[in-house]
Amino acid sequence: MIKLYGFGQSRSFRCLWALEEAGLPYEYIAAKLRTDPAEPDSAKHPDYLKLNAQGKVPTLVNDELVLTESVAILYYIARCAPESGLLPNASMDVYARLDELACFVLAELEQPLWSKGKHMFALPEEQRIPEMFETAKSEFAKAVRTLDHLLPESEFAVGNSFTLVDILLAQTFNWAIRFEFELPEHFVALRNRHYERPAAKRAMEIAS
């Protein structure tokens with residue numbers, strides 16, 4: 001059975017959501033971040049570090065397979081449950097668009113959010129640079145403007161059905177809202193619409 005180690009609404013939430021969409025059997029294991037490594041459920045505990053050397057979440061374990069990157073986990077879940085539609089049965093052009101958007105979320109859209117997070121709480125205090133918050137704000141705004149050109153004017157990011165890219169976008173927009181970034185109303189609406197999905201609601205209950 002798949003085991004997913006996660007924490008709240010971090011990147012691991014997108015994987016938990018995908019598991020609920022896919023309907024695969026799994027066990028969710030809550031890990032604690034920024035805690036004493038001696039605590040059994042700490043992400044810095046030696047046993048966990050054997051799975052994820054960075055001491056981060058998510059981590060997916062299935063038999064001998066261990067994955068620690070959220071998008072790789074999304075693709076794995078989607079391929080394990082092709083009937084879920086998380087990866088559509090579509091043309092190469094549609095797959096190319098899906099891959100482009102997934103890469104854009106990682107490389108451009110979420111990076112300013114994590115930059116702010118690192119300098120808010122993740123880094124040691126002596127390494128934090130509050131002055132970079134304005135840079136992060138500017139970079140996020142630039143990414144959002146670009147996204148307007150990449151996304152179609154339709155309910156879903158790719159084709160006419162819900163895919164793993166919709167999970168990526170909605171979770172990243174939720175992250176932006178929580179970190180108090182300015183987000184256009186149509187992207188707030190996208191986040192709200194997808195978070196109303198039954199699978200998303202179940203994932204929220206499990207992660208909270």
# chains A, B, ... in the order shown; residues from 1 in each chain; ligands from 1
>>> residues_around(residues="A:Ala43", least_positions_apart="6", cutoff="8 Å", atoms="only C-alpha atoms", output="list in words")
Ala31, Lys32, Leu33, Arg34, Thr35, Pro37, Leu49, Gly55, Lys56 and Val57 of chain A
>>> write_last_selection(atoms="N, CA and C atoms", output="PDB file, in the first residue's frame")
ATOM      1  N   ALA A  31       3.754  14.188   9.346  1.00  0.00           N
ATOM      2  CA  ALA A  31       5.109  14.463   9.821  1.00  0.00           C
ATOM      3  C   ALA A  31       5.150  15.865  10.425  1.00  0.00           C
ATOM      4  N   LYS A  32       6.002  16.060  11.411  1.00  0.00           N
ATOM      5  CA  LYS A  32       6.159  17.371  12.033  1.00  0.00           C
ATOM      6  C   LYS A  32       7.412  18.043  11.494  1.00  0.00           C
ATOM      7  N   LEU A  33       7.269  19.302  11.098  1.00  0.00           N
ATOM      8  CA  LEU A  33       8.404  20.071  10.597  1.00  0.00           C
ATOM      9  C   LEU A  33       8.930  20.995  11.693  1.00  0.00           C
ATOM     10  N   ARG A  34      10.214  21.326  11.591  1.00  0.00           N
ATOM     11  CA  ARG A  34      10.868  22.258  12.519  1.00  0.00           C
ATOM     12  C   ARG A  34      10.640  21.847  13.986  1.00  0.00           C
ATOM     13  N   THR A  35      10.843  20.546  14.243  1.00  0.00           N
ATOM     14  CA  THR A  35      10.692  20.024  15.601  1.00  0.00           C
ATOM     15  C   THR A  35      11.968  19.274  15.989  1.00  0.00           C
ATOM     16  N   PRO A  37      14.541  16.592  16.451  1.00  0.00           N
ATOM     17  CA  PRO A  37      14.765  15.345  15.710  1.00  0.00           C
ATOM     18  C   PRO A  37      14.520  14.084  16.531  1.00  0.00           C
ATOM     19  N   LEU A  49      14.822  10.625   7.731  1.00  0.00           N
ATOM     20  CA  LEU A  49      15.885  11.123   6.860  1.00  0.00           C
ATOM     21  C   LEU A  49      16.432  10.034   5.936  1.00  0.00           C
ATOM     22  N   GLY A  55      14.694  16.093   4.856  1.00  0.00           N
ATOM     23  CA  GLY A  55      13.828  16.284   6.007  1.00  0.00           C
ATOM     24  C   GLY A  55      12.619  17.127   5.685  1.00  0.00           C
ATOM     25  N   LYS A  56      12.106  16.962   4.464  1.00  0.00           N
ATOM     26  CA  LYS A  56      10.948  17.737   4.021  1.00  0.00           C
ATOM     27  C   LYS A  56       9.795  16.805   3.688  1.00  0.00           C
ATOM     28  N   VAL A  57       8.664  17.380   3.345  1.00  0.00           N
ATOM     29  CA  VAL A  57       7.529  16.634   2.814  1.00  0.00           C
ATOM     30  C   VAL A  57       7.198  17.221   1.441  1.00  0.00           C
TER      31      VAL A  57
END
>>> closest_atom_pairs(of="stretch 16-121 of chain A", to="stretch 147-152 of chain A", cutoff="10 Å", atoms="only C-alpha atoms", output="CSV")
residue,atom,partner,partner_atom,distance
A:Arg97,CA,A:Leu150,CA,8.9
A:Glu100,CA,A:Leu150,CA,9.1
A:Leu101,CA,A:Leu150,CA,7.7
A:Phe104,CA,A:Leu147,CA,8.4
A:Val105,CA,A:Leu147,CA,9.0
A:Glu108,CA,A:Leu147,CA,9.5
A:Leu109,CA,A:Leu147,CA,8.5
>>> closest_residue(among="A:Pro40, A:Pro130, A:Gly159, A:Gly85", to="A:Leu98", atoms="only C-alpha atoms")
A:Gly159
>>> residues_around(residues="A:Asn174", least_positions_apart="3", cutoff="9 Å", atoms="only C-alpha atoms", output="PDB file with N, CA and C atoms, in the first residue's frame")
ATOM      1  N   GLN A   9      -1.026  22.006   4.860  1.00  0.00           N
ATOM      2  CA  GLN A   9      -1.293  22.506   3.514  1.00  0.00           C
ATOM      3  C   GLN A   9      -0.005  22.811   2.743  1.00  0.00           C
ATOM      4  N   LEU A 169      -2.315  24.140  -9.727  1.00  0.00           N
ATOM      5  CA  LEU A 169      -2.699  25.554  -9.759  1.00  0.00           C
ATOM      6  C   LEU A 169      -3.504  25.932  -8.524  1.00  0.00           C
ATOM      7  N   ALA A 170      -4.512  25.134  -8.192  1.00  0.00           N
ATOM      8  CA  ALA A 170      -5.380  25.476  -7.071  1.00  0.00           C
ATOM      9  C   ALA A 170      -4.603  25.497  -5.761  1.00  0.00           C
ATOM     10  N   GLN A 171      -3.717  24.513  -5.553  1.00  0.00           N
ATOM     11  CA  GLN A 171      -2.955  24.473  -4.312  1.00  0.00           C
ATOM     12  C   GLN A 171      -1.969  25.627  -4.237  1.00  0.00           C
ATOM     13  N   ILE A 177      -2.740  32.921  -1.353  1.00  0.00           N
ATOM     14  CA  ILE A 177      -3.732  33.586  -0.512  1.00  0.00           C
ATOM     15  C   ILE A 177      -3.290  33.547   0.950  1.00  0.00           C
ATOM     16  N   ARG A 178      -2.814  32.388   1.397  1.00  0.00           N
ATOM     17  CA  ARG A 178      -2.378  32.245   2.796  1.00  0.00           C
ATOM     18  C   ARG A 178      -1.180  33.141   3.098  1.00  0.00           C
ATOM     19  N   PHE A 179      -0.313  33.370   2.101  1.00  0.00           N
ATOM     20  CA  PHE A 179       0.864  34.203   2.291  1.00  0.00           C
ATOM     21  C   PHE A 179       0.604  35.671   1.944  1.00  0.00           C
ATOM     22  N   VAL A 188      -8.641  33.492  -7.846  1.00  0.00           N
ATOM     23  CA  VAL A 188      -9.254  33.159  -6.559  1.00  0.00           C
ATOM     24  C   VAL A 188     -10.471  32.266  -6.798  1.00  0.00           C
ATOM     25  N   ARG A 191      -9.364  28.741  -7.587  1.00  0.00           N
ATOM     26  CA  ARG A 191      -9.012  28.037  -6.350  1.00  0.00           C
ATOM     27  C   ARG A 191     -10.259  27.591  -5.616  1.00  0.00           C
ATOM     28  N   ASN A 192     -11.214  28.489  -5.449  1.00  0.00           N
ATOM     29  CA  ASN A 192     -12.430  28.170  -4.705  1.00  0.00           C
ATOM     30  C   ASN A 192     -13.223  27.053  -5.375  1.00  0.00           C
TER      31      ASN A 192
END
>>> atom_distance(atom1="atom CA of A:Lys118", atom2="atom CA of A:Ala207")
21.6 Å
>>> residues_around(residues="stretch 12-19 of chain A", least_positions_apart="4", cutoff="6 Å", atoms="only C-alpha atoms", output="number ranges by chain")
A: 6, 24, 57-58, 74, 200, 203
>>> write_last_selection(atoms="C-alpha atoms", output="compact mmCIF listing (two decimals), in the first residue's frame")
# COMPACT_ATOMS: atom_id res chain seq x y z
CA GLY A 6 2.83 15.02 4.69
CA LEU A 24 -6.08 4.48 -4.56
CA VAL A 57 7.53 16.63 2.81
CA PRO A 58 6.08 15.05 0.81
CA LEU A 74 1.43 13.51 -8.85
CA ALA A 200 -10.26 18.20 -2.04
CA ALA A 203 -7.98 15.79 1.76
>>> select_by_dssp(residues="stretch 6-207 of chain A", states="strand (DSSP E)", output="list in words")
Gly6, Tyr26, Glu27, Tyr28, Ile29, Ala30, Thr59, Leu60, Val61, Asn62, Leu65, Val66 and Leu67 of chain A
>>> write_last_selection(atoms="N, CA and C atoms", output="compact mmCIF listing (two decimals), in the first residue's frame")
# COMPACT_ATOMS: atom_id res chain seq x y z
N GLY A 6 3.17 13.65 5.03
CA GLY A 6 2.83 15.02 4.69
C GLY A 6 2.66 15.90 5.91
N TYR A 26 -4.31 4.03 0.43
CA TYR A 26 -3.07 4.63 0.92
C TYR A 26 -3.17 4.86 2.42
N GLU A 27 -2.02 5.09 3.02
CA GLU A 27 -1.93 5.48 4.41
C GLU A 27 -1.28 6.85 4.48
N TYR A 28 -1.91 7.78 5.17
CA TYR A 28 -1.35 9.12 5.33
C TYR A 28 -0.68 9.21 6.69
N ILE A 29 0.57 9.65 6.69
CA ILE A 29 1.35 9.76 7.92
C ILE A 29 1.76 11.22 8.10
N ALA A 30 1.24 11.84 9.14
CA ALA A 30 1.55 13.24 9.40
C ALA A 30 2.96 13.37 9.97
N THR A 59 6.80 12.80 1.08
CA THR A 59 7.51 11.58 0.71
C THR A 59 6.47 10.50 0.45
N LEU A 60 6.57 9.86 -0.69
CA LEU A 60 5.69 8.74 -1.01
C LEU A 60 6.53 7.47 -1.04
N VAL A 61 6.01 6.43 -0.37
CA VAL A 61 6.67 5.14 -0.33
C VAL A 61 5.68 4.09 -0.82
N ASN A 62 6.11 3.28 -1.78
CA ASN A 62 5.29 2.17 -2.27
C ASN A 62 6.23 1.00 -2.56
N LEU A 65 9.82 1.68 -3.88
CA LEU A 65 9.86 3.01 -4.50
C LEU A 65 9.73 4.10 -3.45
N VAL A 66 10.61 5.09 -3.51
CA VAL A 66 10.52 6.27 -2.65
C VAL A 66 10.62 7.50 -3.54
N LEU A 67 9.63 8.39 -3.45
CA LEU A 67 9.61 9.63 -4.21
C LEU A 67 9.49 10.80 -3.25
>>> residues_around(residues="A:Lys116", least_positions_apart="6", cutoff="12 Å", atoms="only C-alpha atoms", output="short mmCIF file (atom, residue, chain, number, x, y, z; two decimals) with C-alpha atoms, in the first residue's frame")
data_model
loop_
_atom_site.label_atom_id
_atom_site.label_comp_id
_atom_site.auth_asym_id
_atom_site.auth_seq_id
_atom_site.Cartn_x
_atom_site.Cartn_y
_atom_site.Cartn_z
CA GLU A 110 5.50 28.95 -6.65
CA ALA A 122 12.00 28.48 7.39
CA LEU A 123 15.50 29.92 7.50
CA ARG A 128 16.37 35.99 6.82
CA ILE A 129 16.18 39.07 4.59
CA PRO A 130 12.78 40.77 4.99
CA GLU A 131 13.70 43.26 2.23
CA MET A 132 13.27 40.49 -0.35
CA PHE A 133 9.51 40.37 0.26
CA GLU A 134 8.94 43.15 -2.29
CA THR A 135 11.01 41.25 -4.84
CA ALA A 136 8.93 38.13 -4.24
CA LYS A 137 5.75 40.18 -4.65
CA SER A 138 6.98 41.56 -7.97
CA GLU A 139 8.09 38.15 -9.25
CA PHE A 140 4.76 36.59 -8.34
CA TRP A 175 -0.64 29.10 -0.88
CA ALA A 176 -0.56 32.61 -2.35
CA ARG A 178 -2.38 32.24 2.80
CA PHE A 179 0.86 34.20 2.29
CA GLU A 180 -1.10 37.39 1.49
CA PHE A 181 -0.01 37.81 -2.12
#
>>> residues_around(residues="stretch 87-89 of chain A", least_positions_apart="2", cutoff="9 Å", atoms="only C-alpha atoms", output="list in words")
Tyr75, Ala78, Arg79, Ala81, Pro82, Glu83, Ser84, Gly85, Ser91, Val94, Tyr95, Leu98, Val158, Gly159, Ser161, Phe162, Thr163, Leu164 and Val165 of chain A
>>> write_last_selection(atoms="N, CA and C atoms", output="short mmCIF file (atom, residue, chain, number, x, y, z; two decimals), in the first residue's frame")
data_model
loop_
_atom_site.label_atom_id
_atom_site.label_comp_id
_atom_site.auth_asym_id
_atom_site.auth_seq_id
_atom_site.Cartn_x
_atom_site.Cartn_y
_atom_site.Cartn_z
N TYR A 75 2.46 12.70 -10.89
CA TYR A 75 2.49 11.90 -12.11
C TYR A 75 2.40 10.41 -11.79
N ALA A 78 -1.16 9.54 -10.87
CA ALA A 78 -2.00 9.59 -12.06
C ALA A 78 -1.81 8.35 -12.93
N ARG A 79 -0.57 7.91 -13.06
CA ARG A 79 -0.30 6.72 -13.89
C ARG A 79 -0.77 5.44 -13.21
N ALA A 81 -3.48 5.27 -11.57
CA ALA A 81 -4.95 5.30 -11.66
C ALA A 81 -5.36 6.01 -12.94
N PRO A 82 -5.12 5.41 -14.12
CA PRO A 82 -5.42 6.09 -15.38
C PRO A 82 -6.89 6.46 -15.54
N GLU A 83 -7.75 5.67 -14.88
CA GLU A 83 -9.18 5.96 -14.98
C GLU A 83 -9.57 7.26 -14.28
N SER A 84 -8.68 7.79 -13.44
CA SER A 84 -8.99 9.03 -12.72
C SER A 84 -9.00 10.25 -13.62
N GLY A 85 -8.31 10.18 -14.76
CA GLY A 85 -8.22 11.33 -15.65
C GLY A 85 -7.23 12.38 -15.22
N SER A 91 -4.01 13.83 -26.95
CA SER A 91 -2.95 13.89 -27.94
C SER A 91 -1.63 14.33 -27.33
N VAL A 94 -1.69 17.96 -26.27
CA VAL A 94 -2.32 18.21 -24.97
C VAL A 94 -1.34 17.86 -23.85
N TYR A 95 -0.63 16.76 -24.01
CA TYR A 95 0.36 16.38 -23.00
C TYR A 95 1.48 17.42 -22.91
N LEU A 98 0.17 20.25 -20.89
CA LEU A 98 0.10 19.87 -19.48
C LEU A 98 1.48 19.95 -18.84
N VAL A 158 -6.29 22.21 -18.82
CA VAL A 158 -5.94 21.45 -20.02
C VAL A 158 -7.16 20.68 -20.50
N GLY A 159 -7.54 20.89 -21.74
CA GLY A 159 -8.69 20.16 -22.28
C GLY A 159 -9.98 20.54 -21.57
N SER A 161 -11.35 18.60 -18.91
CA SER A 161 -11.52 17.79 -17.71
C SER A 161 -10.47 18.15 -16.67
N PHE A 162 -10.72 17.74 -15.43
CA PHE A 162 -9.85 18.01 -14.30
C PHE A 162 -8.62 17.13 -14.39
N THR A 163 -7.43 17.75 -14.28
CA THR A 163 -6.17 17.01 -14.35
C THR A 163 -5.26 17.41 -13.19
N LEU A 164 -4.10 16.78 -13.15
CA LEU A 164 -3.16 17.09 -12.07
C LEU A 164 -2.69 18.55 -12.11
N VAL A 165 -2.74 19.20 -13.28
CA VAL A 165 -2.36 20.60 -13.35
C VAL A 165 -3.35 21.48 -12.60
#
>>> closest_residue(among="A:Gly8, A:Ala22, A:Gly117, A:Lys3", to="A:Glu205", atoms="only C-alpha atoms")
A:Gly8
>>> closest_residue(among="A:Ser154, A:Glu21, A:Met1, A:Val71", to="A:Pro198", atoms="only C-alpha atoms")
A:Glu21
>>> select_by_dssp(residues="stretch 1-206 of chain A", states="alpha helix (DSSP H)", output="VMD selection string")
chain A and resid 12 to 22 46 to 49 70 to 80 92 to 104 111 to 117 133 to 150 164 to 178 185 to 195 198 to 206
>>> atom_distance(atom1="atom CA of A:Glu196", atom2="atom CA of A:Leu106")
23.4 Å
>>> atom_distance(atom1="atom CA of A:Ala199", atom2="atom CA of A:Ala96")
25.9 Å
